[in-house]
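Structure file coords_20.tsv (TSV, C-alpha atoms) is printed below.
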chain	number	residue	atom	x	y	z
A	1	MET	CA	22.65	1.44	5.31
A	2	SER	CA	24.60	-1.65	4.36
A	3	HIS	CA	25.89	-3.56	7.37
A	4	PHE	CA	22.96	-2.82	9.68
A	5	ALA	CA	20.16	-3.65	7.24
A	6	ALA	CA	19.80	-7.28	8.30
A	7	SER	CA	19.59	-6.51	12.01
A	8	ALA	CA	17.04	-3.79	11.36
A	9	ALA	CA	14.88	-6.12	9.31
A	10	GLN	CA	15.07	-8.89	11.88
A	11	ALA	CA	14.68	-6.88	15.06
A	12	GLY	CA	12.49	-3.97	13.96
A	13	PRO	CA	11.95	-0.87	16.03
A	14	SER	CA	10.03	-2.66	18.75
A	15	SER	CA	13.09	-4.76	19.68
A	16	GLY	CA	15.01	-3.20	22.55
A	17	LYS	CA	13.14	0.10	22.24
A	18	PRO	CA	10.18	1.49	24.19
A	19	ASP	CA	8.57	2.89	21.01
A	20	ARG	CA	4.97	2.00	20.37
A	21	PRO	CA	4.30	0.13	17.14
A	22	ALA	CA	3.51	2.32	14.16
A	23	PHE	CA	0.13	2.58	12.48
A	24	LEU	CA	0.76	3.21	8.79
A	25	ILE	CA	-2.04	4.53	6.59
A	26	THR	CA	-1.48	4.08	2.87
A	27	ILE	CA	-3.94	5.55	0.38
A	28	ASP	CA	-3.71	4.63	-3.31
A	29	THR	CA	-4.53	8.11	-4.57
A	30	GLU	CA	-6.04	7.72	-8.03
A	31	GLY	CA	-8.95	8.65	-10.29
A	32	ASP	CA	-12.63	7.90	-9.78
A	33	ASN	CA	-13.84	4.28	-9.96
A	34	LEU	CA	-10.97	2.82	-11.96
A	35	TRP	CA	-12.58	-0.60	-11.47
A	36	ALA	CA	-14.91	0.40	-14.33
A	37	ALA	CA	-11.89	1.00	-16.64
A	38	PRO	CA	-13.06	4.47	-17.75
A	39	ARG	CA	-11.51	5.93	-20.90
A	40	GLU	CA	-11.84	9.44	-19.47
A	41	ILE	CA	-10.61	9.45	-15.87
A	42	ALA	CA	-12.20	11.96	-13.51
A	43	THR	CA	-10.68	13.11	-10.21
A	44	GLU	CA	-13.73	14.36	-8.31
A	45	ASN	CA	-12.68	12.22	-5.33
A	46	ALA	CA	-10.02	14.84	-4.53
A	47	ARG	CA	-12.82	16.95	-3.03
A	48	PHE	CA	-13.66	14.21	-0.53
A	49	LEU	CA	-10.16	13.73	0.91
A	50	PRO	CA	-10.09	16.50	3.57
A	51	ARG	CA	-12.69	14.67	5.66
A	52	PHE	CA	-10.48	11.59	5.85
A	53	GLN	CA	-7.37	13.66	6.57
A	54	GLN	CA	-9.21	15.36	9.44
A	55	LEU	CA	-10.22	11.99	10.87
A	56	CYS	CA	-6.60	10.84	10.78
A	57	GLU	CA	-5.44	13.98	12.55
A	58	LYS	CA	-8.13	13.56	15.22
A	59	TYR	CA	-6.31	10.38	16.33
A	60	ARG	CA	-2.78	11.67	15.60
A	61	LEU	CA	-2.38	9.41	12.57
A	62	LYS	CA	-0.46	10.43	9.43
A	63	PRO	CA	-1.50	9.06	6.04
A	64	THR	CA	0.84	8.50	3.12
A	65	TRP	CA	-0.93	9.59	-0.08
A	66	LEU	CA	0.53	7.38	-2.84
A	67	THR	CA	-0.29	9.48	-5.88
A	68	ASN	CA	-0.70	8.63	-9.56
A	69	TRP	CA	-0.65	10.71	-12.76
A	70	GLU	CA	-4.23	11.96	-13.02
A	71	MET	CA	-4.28	13.04	-9.38
A	72	VAL	CA	-1.09	15.11	-9.55
A	73	GLU	CA	-2.69	16.85	-12.53
A	74	SER	CA	-5.73	17.79	-10.38
A	75	PRO	CA	-5.49	21.36	-9.01
A	76	VAL	CA	-7.84	20.39	-6.17
A	77	TYR	CA	-5.60	17.52	-5.13
A	78	ARG	CA	-2.42	19.58	-5.45
A	79	ALA	CA	-3.87	22.22	-3.09
A	80	PHE	CA	-4.87	19.48	-0.66
A	81	GLY	CA	-1.43	17.87	-0.82
A	82	HIS	CA	0.38	21.17	-0.23
A	83	ASP	CA	-1.73	21.78	2.87
A	84	VAL	CA	-0.89	18.32	4.25
A	85	LEU	CA	2.83	18.82	3.62
A	86	ASP	CA	2.90	22.37	4.95
A	87	ARG	CA	1.37	21.22	8.24
A	88	GLY	CA	3.51	18.05	8.49
A	89	THR	CA	0.42	15.85	8.82
A	90	GLY	CA	1.16	13.35	6.06
A	91	GLU	CA	3.38	12.34	3.18
A	92	ILE	CA	3.04	12.34	-0.61
A	93	GLY	CA	4.42	9.26	-2.37
A	94	MET	CA	4.16	7.67	-5.82
A	95	HIS	CA	1.66	5.17	-7.24
A	96	LEU	CA	2.00	4.36	-10.95
A	97	HIS	CA	-0.71	3.03	-13.28
A	98	ALA	CA	1.24	2.14	-16.38
A	99	TRP	CA	-1.55	2.32	-18.96
A	100	ASN	CA	-2.23	6.04	-18.53
A	101	SER	CA	1.04	7.35	-17.06
A	102	PRO	CA	3.25	9.02	-19.69
A	103	PRO	CA	5.02	8.34	-21.89
A	104	LEU	CA	2.02	6.53	-23.42
A	105	ILE	CA	3.46	3.62	-25.39
A	106	PRO	CA	0.78	1.06	-26.35
A	107	LEU	CA	1.37	-2.45	-25.06
A	108	THR	CA	-1.92	-4.09	-26.06
A	109	ALA	CA	-4.66	-3.46	-28.62
A	110	ASP	CA	-6.53	-1.45	-25.97
A	111	ASP	CA	-4.54	-0.56	-22.87
A	112	PHE	CA	-7.51	1.19	-21.20
A	113	THR	CA	-9.40	-2.11	-21.28
A	114	CYS	CA	-6.51	-4.46	-20.48
A	115	THR	CA	-4.89	-2.00	-18.01
A	116	PRO	CA	-1.42	-3.60	-18.22
A	117	PHE	CA	0.85	-3.28	-15.24
A	118	LEU	CA	4.27	-1.70	-15.34
A	119	THR	CA	6.22	-4.93	-15.03
A	120	GLN	CA	4.94	-6.05	-18.45
A	121	TYR	CA	6.67	-3.20	-20.27
A	122	PRO	CA	10.31	-3.26	-21.45
A	123	GLU	CA	12.75	-2.01	-18.83
A	124	SER	CA	13.49	1.12	-20.85
A	125	VAL	CA	9.79	2.07	-20.82
A	126	MET	CA	9.48	1.25	-17.11
A	127	ARG	CA	12.37	3.60	-16.42
A	128	GLN	CA	10.82	6.42	-18.46
A	129	LYS	CA	7.44	6.11	-16.75
A	130	ILE	CA	8.97	6.09	-13.27
A	131	ARG	CA	11.15	9.07	-14.09
A	132	VAL	CA	8.36	11.16	-15.61
A	133	LEU	CA	5.90	10.60	-12.75
A	134	THR	CA	8.58	11.07	-10.09
A	135	ASP	CA	9.69	14.34	-11.66
A	136	ARG	CA	6.11	15.57	-11.98
A	137	LEU	CA	5.30	14.79	-8.35
A	138	GLU	CA	8.49	16.44	-7.08
A	139	GLN	CA	7.86	19.52	-9.24
A	140	ALA	CA	4.24	19.75	-8.11
A	141	PHE	CA	4.88	19.36	-4.38
A	142	GLY	CA	8.46	20.57	-3.93
A	143	VAL	CA	9.59	17.48	-1.98
A	144	ARG	CA	11.54	14.35	-2.85
A	145	MET	CA	9.57	11.21	-3.54
A	146	LEU	CA	10.66	8.53	-1.07
A	147	SER	CA	7.70	6.13	-0.77
A	148	HIS	CA	5.96	4.02	-3.38
A	149	ARG	CA	3.35	1.37	-4.11
A	150	ALA	CA	3.08	-0.34	-7.48
A	151	GLY	CA	-0.15	0.01	-9.42
A	152	ARG	CA	-2.17	-3.20	-9.21
A	153	TRP	CA	0.46	-4.56	-6.75
A	154	ALA	CA	2.67	-5.55	-9.71
A	155	PHE	CA	6.22	-5.58	-8.37
A	156	ASN	CA	9.36	-7.46	-9.44
A	157	GLU	CA	13.14	-7.30	-9.32
A	158	THR	CA	13.47	-4.89	-12.24
A	159	TYR	CA	10.97	-2.55	-10.62
A	160	ALA	CA	12.88	-2.68	-7.31
A	161	ARG	CA	16.16	-1.78	-9.01
A	162	LEU	CA	14.52	1.12	-10.85
A	163	LEU	CA	13.04	2.48	-7.62
A	164	ILE	CA	16.51	2.43	-6.05
A	165	GLU	CA	17.89	4.15	-9.15
A	166	HIS	CA	15.35	6.95	-8.75
A	167	GLY	CA	16.03	7.49	-5.05
A	168	TYR	CA	13.06	5.76	-3.44
A	169	ARG	CA	13.64	4.40	0.05
A	170	VAL	CA	10.36	2.63	0.88
A	171	ASP	CA	8.06	0.30	-1.04
A	172	CYS	CA	4.77	-1.19	0.15
A	173	SER	CA	3.76	-3.27	-2.89
A	174	VAL	CA	4.10	-6.72	-1.31
A	175	SER	CA	0.74	-8.26	-0.37
A	176	PRO	CA	1.62	-11.49	1.49
A	177	HIS	CA	-0.36	-14.71	0.97
A	178	THR	CA	-1.84	-13.28	-2.24
A	179	LEU	CA	-1.84	-14.44	-5.86
A	180	TRP	CA	-2.96	-11.74	-8.28
A	181	PRO	CA	-4.24	-13.10	-11.60
A	182	HIS	CA	-4.70	-10.40	-14.20
A	183	GLY	CA	-7.62	-11.28	-16.44
A	184	SER	CA	-6.82	-11.29	-20.14
A	185	LEU	CA	-3.12	-10.69	-19.56
A	186	PRO	CA	-0.83	-13.70	-19.25
A	187	ASP	CA	1.18	-12.61	-16.23
A	188	GLU	CA	0.27	-12.99	-12.59
A	189	ILE	CA	1.79	-11.57	-9.44
A	190	ASP	CA	2.45	-14.17	-6.76
A	191	PHE	CA	3.26	-12.96	-3.25
A	192	ARG	CA	2.66	-16.30	-1.56
A	193	GLY	CA	5.71	-17.13	0.53
A	194	PHE	CA	6.80	-13.50	0.90
A	195	PRO	CA	7.57	-12.11	4.37
A	196	GLU	CA	4.78	-10.56	6.42
A	197	HIS	CA	7.19	-8.32	8.30
A	198	GLU	CA	9.39	-5.40	7.24
A	199	TYR	CA	12.64	-6.17	5.44
A	200	PHE	CA	15.28	-4.62	3.25
A	201	VAL	CA	14.77	-5.91	-0.29
A	202	ASP	CA	17.30	-7.98	-2.17
A	203	PRO	CA	16.87	-6.50	-5.68
A	204	ASP	CA	17.94	-9.83	-7.16
A	205	CYS	CA	15.10	-11.65	-5.35
A	206	ILE	CA	12.44	-9.39	-3.89
A	207	SER	CA	11.03	-12.09	-1.60
A	208	ARG	CA	14.40	-12.38	0.15
A	209	PRO	CA	15.60	-10.03	2.90
A	210	ALA	CA	18.96	-8.52	2.08
A	211	THR	CA	22.04	-7.94	4.19
A	212	SER	CA	22.71	-4.81	2.13
A	213	SER	CA	19.99	-2.82	0.38
A	214	LEU	CA	18.73	0.68	-0.26
A	215	LEU	CA	15.03	-0.24	-0.49
A	216	PHE	CA	12.91	-0.97	2.57
A	217	GLU	CA	9.80	-3.13	2.11
A	218	LEU	CA	6.72	-2.69	4.28
A	219	PRO	CA	4.35	-5.52	3.31
A	220	MET	CA	0.65	-4.85	3.61
A	221	THR	CA	-0.90	-6.22	6.81
A	222	ILE	CA	-2.61	-9.40	5.56
A	223	LEU	CA	-3.14	-12.37	7.86
A	224	PRO	CA	-4.06	-15.94	6.93
A	225	ARG	CA	-7.36	-17.22	8.26
A	226	ARG	CA	-7.75	-20.41	10.25
A	227	GLN	CA	-10.46	-22.57	8.68
A	228	GLY	CA	-12.07	-25.72	10.02
A	229	PRO	CA	-12.27	-29.07	8.24
A	230	LEU	CA	-15.86	-28.56	7.03
A	231	ALA	CA	-15.01	-25.22	5.43
A	232	ARG	CA	-11.91	-26.71	3.81
A	233	ALA	CA	-13.93	-29.62	2.41
A	234	ALA	CA	-16.64	-27.34	1.03
A	235	LYS	CA	-14.06	-25.06	-0.57
A	236	SER	CA	-12.32	-28.04	-2.14
A	237	LEU	CA	-15.57	-29.10	-3.84
A	238	LEU	CA	-16.52	-25.60	-4.98
A	239	GLN	CA	-13.08	-24.79	-6.36
A	240	LYS	CA	-13.43	-27.43	-9.06
A	241	HIS	CA	-15.55	-24.95	-11.06
A	242	PRO	CA	-14.87	-21.27	-11.93
A	243	PHE	CA	-18.13	-19.98	-10.47
A	244	GLY	CA	-17.64	-22.17	-7.41
A	245	ARG	CA	-14.21	-20.65	-6.85
A	246	ARG	CA	-15.75	-17.19	-6.72
A	247	VAL	CA	-18.42	-18.37	-4.28
A	248	ALA	CA	-15.83	-20.09	-2.09
A	249	GLY	CA	-13.64	-17.00	-2.05
A	250	ARG	CA	-16.58	-14.89	-0.91
A	251	LEU	CA	-17.83	-17.31	1.75
A	252	TRP	CA	-14.45	-18.45	3.09
A	253	PRO	CA	-11.73	-15.91	2.24
A	254	GLU	CA	-8.26	-17.22	2.88
A	255	THR	CA	-6.90	-13.95	4.27
A	256	ARG	CA	-7.95	-10.92	6.28
A	257	TRP	CA	-6.67	-7.48	5.26
A	258	LEU	CA	-6.38	-4.29	7.26
A	259	ARG	CA	-8.62	-2.77	4.59
A	260	PRO	CA	-12.31	-1.78	4.89
A	261	ASP	CA	-14.82	-3.48	2.61
A	262	GLY	CA	-18.07	-2.13	4.05
A	263	ARG	CA	-18.80	-5.30	6.03
A	264	ASN	CA	-15.73	-5.86	8.21
A	265	GLY	CA	-15.76	-3.05	10.76
A	266	GLN	CA	-15.22	-5.23	13.84
A	267	GLU	CA	-12.81	-7.48	12.00
A	268	LEU	CA	-10.56	-4.51	11.21
A	269	VAL	CA	-9.91	-3.96	14.91
A	270	GLU	CA	-9.41	-7.70	15.45
A	271	THR	CA	-6.95	-7.86	12.56
A	272	MET	CA	-4.94	-4.98	14.01
A	273	GLU	CA	-4.89	-6.61	17.44
A	274	LEU	CA	-3.80	-9.98	16.03
A	275	ALA	CA	-0.98	-8.36	14.10
A	276	LEU	CA	0.20	-6.39	17.13
A	277	ALA	CA	0.04	-9.51	19.31
A	278	ASP	CA	2.53	-11.02	16.86
A	279	GLY	CA	5.07	-8.43	18.03
A	280	ARG	CA	5.16	-6.43	14.82
A	281	GLY	CA	6.78	-3.03	14.64
A	282	TYR	CA	3.94	-1.73	12.49
A	283	VAL	CA	0.53	-2.46	11.04
A	284	GLU	CA	-0.43	-1.12	7.62
A	285	PHE	CA	-3.88	0.03	6.54
A	286	MET	CA	-4.85	0.73	2.93
A	287	LEU	CA	-7.71	2.14	0.91
A	288	HIS	CA	-8.18	3.96	-2.40
A	289	SER	CA	-8.84	7.70	-2.48
A	290	SER	CA	-11.92	7.16	-4.64
A	291	GLU	CA	-13.47	4.97	-1.94
A	292	PHE	CA	-14.13	8.09	0.14
A	293	MET	CA	-16.57	9.36	-2.51
A	294	PRO	CA	-20.09	8.02	-3.08
A	295	GLY	CA	-20.01	6.15	-6.38
A	296	GLY	CA	-16.22	6.29	-6.57
A	297	SER	CA	-15.91	2.53	-6.16
A	298	PRO	CA	-18.05	-0.62	-6.35
A	299	ARG	CA	-17.89	-1.15	-2.57
A	300	PHE	CA	-19.17	2.26	-1.52
A	301	PRO	CA	-21.75	3.31	-4.12
A	302	THR	CA	-23.91	5.65	-2.02
A	303	ALA	CA	-23.63	8.28	0.70
A	304	THR	CA	-25.06	5.74	3.15
A	305	HIS	CA	-22.19	3.36	2.37
A	306	ILE	CA	-19.70	6.18	2.95
A	307	GLU	CA	-21.19	6.95	6.36
A	308	ARG	CA	-20.90	3.29	7.32
A	309	LEU	CA	-17.30	3.34	6.14
A	310	TYR	CA	-16.56	6.31	8.39
A	311	ASP	CA	-18.20	4.56	11.33
A	312	ASP	CA	-15.80	1.64	10.77
A	313	LEU	CA	-12.83	3.98	10.35
A	314	GLU	CA	-13.68	5.85	13.55
A	315	ARG	CA	-13.74	2.58	15.50
A	316	LEU	CA	-10.44	1.37	14.02
A	317	PHE	CA	-8.59	4.67	14.30
A	318	GLU	CA	-9.70	5.22	17.89
A	319	ALA	CA	-8.21	1.82	18.78
A	320	ALA	CA	-5.10	2.53	16.72
A	321	GLY	CA	-4.58	5.88	18.40
A	322	ARG	CA	-4.50	4.15	21.80
A	323	ARG	CA	-2.16	1.32	20.76
A	324	CYS	CA	0.09	2.83	18.10
A	325	GLU	CA	2.02	5.86	16.95
A	326	GLY	CA	0.89	7.42	13.69
A	327	MET	CA	3.72	7.61	11.15
A	328	THR	CA	4.22	7.99	7.43
A	329	LEU	CA	6.11	5.35	5.47
A	330	SER	CA	9.34	7.34	5.27
A	331	GLU	CA	9.12	8.26	8.97
A	332	TYR	CA	8.90	4.60	9.87
A	333	HIS	CA	11.85	3.84	7.60
A	334	ASP	CA	13.87	6.52	9.40
A	335	ARG	CA	12.90	5.08	12.79
A	336	VAL	CA	14.07	1.59	11.82
A	337	VAL	CA	17.36	2.90	10.41
A	338	ALA	CA	18.02	5.00	13.52
A	339	CYS	CA	17.29	2.06	15.83
A	340	ALA	CA	19.61	-0.20	13.85
A	341	ARG	CA	22.42	2.33	14.01
A	342	GLN	CA	21.90	2.77	17.75
A	343	ARG	CA	22.14	-0.99	18.31
A	344	GLU	CA	25.42	-1.11	16.42
A	345	MET	CA	27.04	1.75	18.32
A	346	PRO	CA	29.76	0.53	20.69
A	347	ALA	CA	28.71	0.50	24.31
A	348	ALA	CA	29.86	3.50	26.32
A	349	ALA	CA	32.92	2.86	28.40

Would you kindly transcribe this structure into structure tokens?
Amino acid sequence: MSHFAASAAQAGPSSGKPDRPAFLITIDTEGDNLWAAPREIATENARFLPRFQQLCEKYRLKPTWLTNWEMVESPVYRAFGHDVLDRGTGEIGMHLHAWNSPPLIPLTADDFTCTPFLTQYPESVMRQKIRVLTDRLEQAFGVRMLSHRAGRWAFNETYARLLIEHGYRVDCSVSPHTLWPHGSLPDEIDFRGFPEHEYFVDPDCISRPATSSLLFELPMTILPRRQGPLARAAKSLLQKHPFGRRVAGRLWPETRWLRPDGRNGQELVETMELALADGRGYVEFMLHSSEFMPGGSPRFPTATHIERLYDDLERLFEAAGRRCEGMTLSEYHDRVVACARQREMPAAA
């Protein structure tokens, strides 16, 4: 995968090929309402996942279930995951929350409150945590782990090298145009200036496409918003104060994600269409597994909210099924690699 990586990253599968763009569904598969920082993490949301899987299959879409420690320990989720794999209707990948993924090595006075991200640990601890969760997932599901998203989007060069070391081929941790501050912890994750499109990662600089790499990056579909002069002026005034910054972010968000929030049903379809009009080889949707359960997240607290979510998903997935091909992360990786190899084959005499 060395000498064709650059051409694959630049051209993508839609260049010179009749393939439809891919619709990638990524689900951060984790315990119930982790936004509340529970000390005892429940996994009742596993019982609500078949409905979403069935909706995906209705439109020939294939989710990638990026799975963390507590979920692989759930018998309900393991049975669900085996069914998905046995029928070839999705993929199981890895999603690591460092504060409760073994080995448990305290980093702060209270890791369950501070919820540190993996990149804050020493490299030796990062390696142990990645190895233990990878081994557990592969033992539980009987397949190799190939796809990954970092917990809390916290990704850096050390993390990329460790994923390569453990045999991962695809990462989807990059969230373009986004700065992630992390509360009481000193670090922040800054993805501003990162590519919006697929690329092979340079493990010495993860924002830079590589000419030779073993790790393929599929950034989340996040588009910048165009804002008029009045909105920019109002935001400038509000952002001088902490509370004003929160108000400004709510009234005039700087980006649009391919991610439901309970209020953006029509905008989801528009975001997909804008991204496809840009000539992308894929668009990437994300949600958390707990968001399919009433009370499993702040955004969807009741059964009524869940029904509205499914109305929005039905609208988006119906449009995606017409425009795109449903693929898992590793399937899309394989498509890009195959297209790059085909382009480099000498022309037939």

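Proximity to Trp65 of chain A at 7 Å, evaluated using only C-alpha atoms and with sequence-adjacent residues fewer than 6 positions away removed, yields Thr26, Ile27, Asp28, Thr29, Glu91, Ile92 and Gly93 of chain A.
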
>> Please report the interatomic distance between atom CA of Ser207 of chain A and atom CA of Phe194 of chain A in Å with one decimal.
In response: 5.1 Å

> When distances are computed from only C-alpha atoms, which of A:Arg47, A:Arg323, A:Arg315, A:Lys58 shows the smallest separation from Tyr77 of chain A?
Replying inline: A:Arg47

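Across the model, the gap from atom CA of Thr67 of chain A to atom CA of Ser290 of chain A is 11.9 Å.
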
>> When you look at Pro116 of chain A with a cut-off of 8 Å (counting all atoms listed in the file), what residues show up, excluding the ones that are within fewer than 6 positions of it in the same chain? I need them as number ranges by chain.
In response: A: 98-99, 107-108, 185

Excluding same-chain residues fewer than 4 positions from Trp35 of chain A, what lies within 12 Å of it counting only C-alpha atoms, as a PDB file with C-alpha atoms, keeping the file's coordinate frame?
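What follows is the written file around12.pdb:
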ATOM      1  CA  GLU A  30      -6.040   7.720  -8.030  1.00  0.00           C
ATOM      2  CA  GLY A  31      -8.950   8.650 -10.290  1.00  0.00           C
ATOM      3  CA  ARG A  39     -11.510   5.930 -20.900  1.00  0.00           C
ATOM      4  CA  ILE A  41     -10.610   9.450 -15.870  1.00  0.00           C
ATOM      5  CA  PHE A 112      -7.510   1.190 -21.200  1.00  0.00           C
ATOM      6  CA  THR A 113      -9.400  -2.110 -21.280  1.00  0.00           C
ATOM      7  CA  CYS A 114      -6.510  -4.460 -20.480  1.00  0.00           C
ATOM      8  CA  THR A 115      -4.890  -2.000 -18.010  1.00  0.00           C
ATOM      9  CA  ARG A 152      -2.170  -3.200  -9.210  1.00  0.00           C
ATOM     10  CA  HIS A 288      -8.180   3.960  -2.400  1.00  0.00           C
ATOM     11  CA  SER A 290     -11.920   7.160  -4.640  1.00  0.00           C
ATOM     12  CA  GLU A 291     -13.470   4.970  -1.940  1.00  0.00           C
ATOM     13  CA  GLY A 295     -20.010   6.150  -6.380  1.00  0.00           C
ATOM     14  CA  GLY A 296     -16.220   6.290  -6.570  1.00  0.00           C
ATOM     15  CA  SER A 297     -15.910   2.530  -6.160  1.00  0.00           C
ATOM     16  CA  PRO A 298     -18.050  -0.620  -6.350  1.00  0.00           C
ATOM     17  CA  ARG A 299     -17.890  -1.150  -2.570  1.00  0.00           C
TER      18      ARG A 299
END

> Using all atoms listed in the file, which of A:Glu157, A:Asp83, A:Asp110, A:Asp19 sits nearest Leu49 of chain A?
Replying inline: A:Asp83

Per-residue nearest contacts of segment 52-140 of chain A to segment 328-347 of chain A (8 Å; all atoms listed in the file) as a tab-separated table:
residue	atom	partner	partner_atom	distance
A:Lys62	CA	A:Thr328	CA	5.6
A:Pro63	CA	A:Thr328	CA	6.0
A:Thr64	CA	A:Thr328	CA	5.5
A:Gly90	CA	A:Thr328	CA	6.3
A:Glu91	CA	A:Thr328	CA	6.1

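Counting only C-alpha atoms, the residue from A:Leu287, A:Leu162, A:Leu276, A:Leu118 that sits nearest to His97 of chain A is A:Leu118.
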
Requested file, segment 153-219 of chain A restricted to C-alpha atoms, as a PDB file, in the first residue's frame:
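Contents of selection_5.pdb, freshly written:
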ATOM      1  CA  TRP A 153     -12.161  12.315  19.341  1.00  0.00           C
ATOM      2  CA  ALA A 154      -8.730  12.458  21.031  1.00  0.00           C
ATOM      3  CA  PHE A 155      -6.240  11.412  18.366  1.00  0.00           C
ATOM      4  CA  ASN A 156      -2.541  12.164  17.865  1.00  0.00           C
ATOM      5  CA  GLU A 157       0.601  10.817  16.230  1.00  0.00           C
ATOM      6  CA  THR A 158       1.385   8.329  19.000  1.00  0.00           C
ATOM      7  CA  TYR A 159      -2.139   6.961  18.793  1.00  0.00           C
ATOM      8  CA  ALA A 160      -1.848   6.585  15.000  1.00  0.00           C
ATOM      9  CA  ARG A 161       1.407   4.636  15.304  1.00  0.00           C
ATOM     10  CA  LEU A 162      -0.099   2.348  17.941  1.00  0.00           C
ATOM     11  CA  LEU A 163      -3.128   1.631  15.751  1.00  0.00           C
ATOM     12  CA  ILE A 164      -0.803   0.631  12.915  1.00  0.00           C
ATOM     13  CA  GLU A 165       1.163  -1.534  15.342  1.00  0.00           C
ATOM     14  CA  HIS A 166      -2.024  -3.372  16.303  1.00  0.00           C
ATOM     15  CA  GLY A 167      -3.149  -3.983  12.723  1.00  0.00           C
ATOM     16  CA  TYR A 168      -5.852  -1.344  12.295  1.00  0.00           C
ATOM     17  CA  ARG A 169      -6.403  -0.130   8.749  1.00  0.00           C
ATOM     18  CA  VAL A 170      -9.034   2.619   9.149  1.00  0.00           C
ATOM     19  CA  ASP A 171      -9.497   5.491  11.581  1.00  0.00           C
ATOM     20  CA  CYS A 172     -12.366   7.983  11.683  1.00  0.00           C
ATOM     21  CA  SER A 173     -11.340  10.173  14.638  1.00  0.00           C
ATOM     22  CA  VAL A 174     -10.672  13.386  12.699  1.00  0.00           C
ATOM     23  CA  SER A 175     -13.485  15.943  13.057  1.00  0.00           C
ATOM     24  CA  PRO A 176     -12.542  18.788  10.670  1.00  0.00           C
ATOM     25  CA  HIS A 177     -13.052  22.454  11.612  1.00  0.00           C
ATOM     26  CA  THR A 178     -13.399  21.457  15.273  1.00  0.00           C
ATOM     27  CA  LEU A 179     -11.537  22.438  18.437  1.00  0.00           C
ATOM     28  CA  TRP A 180     -12.294  20.150  21.371  1.00  0.00           C
ATOM     29  CA  PRO A 181     -11.597  21.737  24.763  1.00  0.00           C
ATOM     30  CA  HIS A 182     -11.715  19.241  27.592  1.00  0.00           C
ATOM     31  CA  GLY A 183     -13.010  20.930  30.718  1.00  0.00           C
ATOM     32  CA  SER A 184     -10.770  20.565  33.756  1.00  0.00           C
ATOM     33  CA  LEU A 185      -8.021  18.844  31.784  1.00  0.00           C
ATOM     34  CA  PRO A 186      -5.286  20.979  30.256  1.00  0.00           C
ATOM     35  CA  ASP A 187      -5.163  19.407  26.816  1.00  0.00           C
ATOM     36  CA  GLU A 188      -7.347  20.180  23.837  1.00  0.00           C
ATOM     37  CA  ILE A 189      -7.789  18.456  20.510  1.00  0.00           C
ATOM     38  CA  ASP A 190      -7.565  20.793  17.539  1.00  0.00           C
ATOM     39  CA  PHE A 191      -8.703  19.505  14.149  1.00  0.00           C
ATOM     40  CA  ARG A 192      -8.920  22.919  12.509  1.00  0.00           C
ATOM     41  CA  GLY A 193      -6.937  22.813   9.291  1.00  0.00           C
ATOM     42  CA  PHE A 194      -7.248  19.032   8.895  1.00  0.00           C
ATOM     43  CA  PRO A 195      -8.457  17.591   5.572  1.00  0.00           C
ATOM     44  CA  GLU A 196     -12.172  17.070   5.013  1.00  0.00           C
ATOM     45  CA  HIS A 197     -11.564  14.242   2.552  1.00  0.00           C
ATOM     46  CA  GLU A 198     -10.112  10.745   2.927  1.00  0.00           C
ATOM     47  CA  TYR A 199      -6.347  10.383   3.159  1.00  0.00           C
ATOM     48  CA  PHE A 200      -3.627   8.015   4.235  1.00  0.00           C
ATOM     49  CA  VAL A 201      -2.200   9.276   7.526  1.00  0.00           C
ATOM     50  CA  ASP A 202       1.378  10.379   7.982  1.00  0.00           C
ATOM     51  CA  PRO A 203       2.037   8.995  11.496  1.00  0.00           C
ATOM     52  CA  ASP A 204       4.577  11.767  12.060  1.00  0.00           C
ATOM     53  CA  CYS A 205       1.930  14.450  11.381  1.00  0.00           C
ATOM     54  CA  ILE A 206      -1.646  13.197  11.371  1.00  0.00           C
ATOM     55  CA  SER A 207      -2.997  16.281   9.583  1.00  0.00           C
ATOM     56  CA  ARG A 208      -0.761  15.543   6.593  1.00  0.00           C
ATOM     57  CA  PRO A 209      -1.583  13.028   3.856  1.00  0.00           C
ATOM     58  CA  ALA A 210       1.186  10.500   3.389  1.00  0.00           C
ATOM     59  CA  THR A 211       2.764   9.047   0.287  1.00  0.00           C
ATOM     60  CA  SER A 212       3.261   5.806   2.214  1.00  0.00           C
ATOM     61  CA  SER A 213       1.070   4.725   5.113  1.00  0.00           C
ATOM     62  CA  LEU A 214      -0.796   1.776   6.572  1.00  0.00           C
ATOM     63  CA  LEU A 215      -3.591   3.816   8.187  1.00  0.00           C
ATOM     64  CA  PHE A 216      -6.469   5.281   6.198  1.00  0.00           C
ATOM     65  CA  GLU A 217      -8.295   8.297   7.656  1.00  0.00           C
ATOM     66  CA  LEU A 218     -11.976   8.927   6.988  1.00  0.00           C
ATOM     67  CA  PRO A 219     -12.753  12.325   8.532  1.00  0.00           C
TER      68      PRO A 219
END
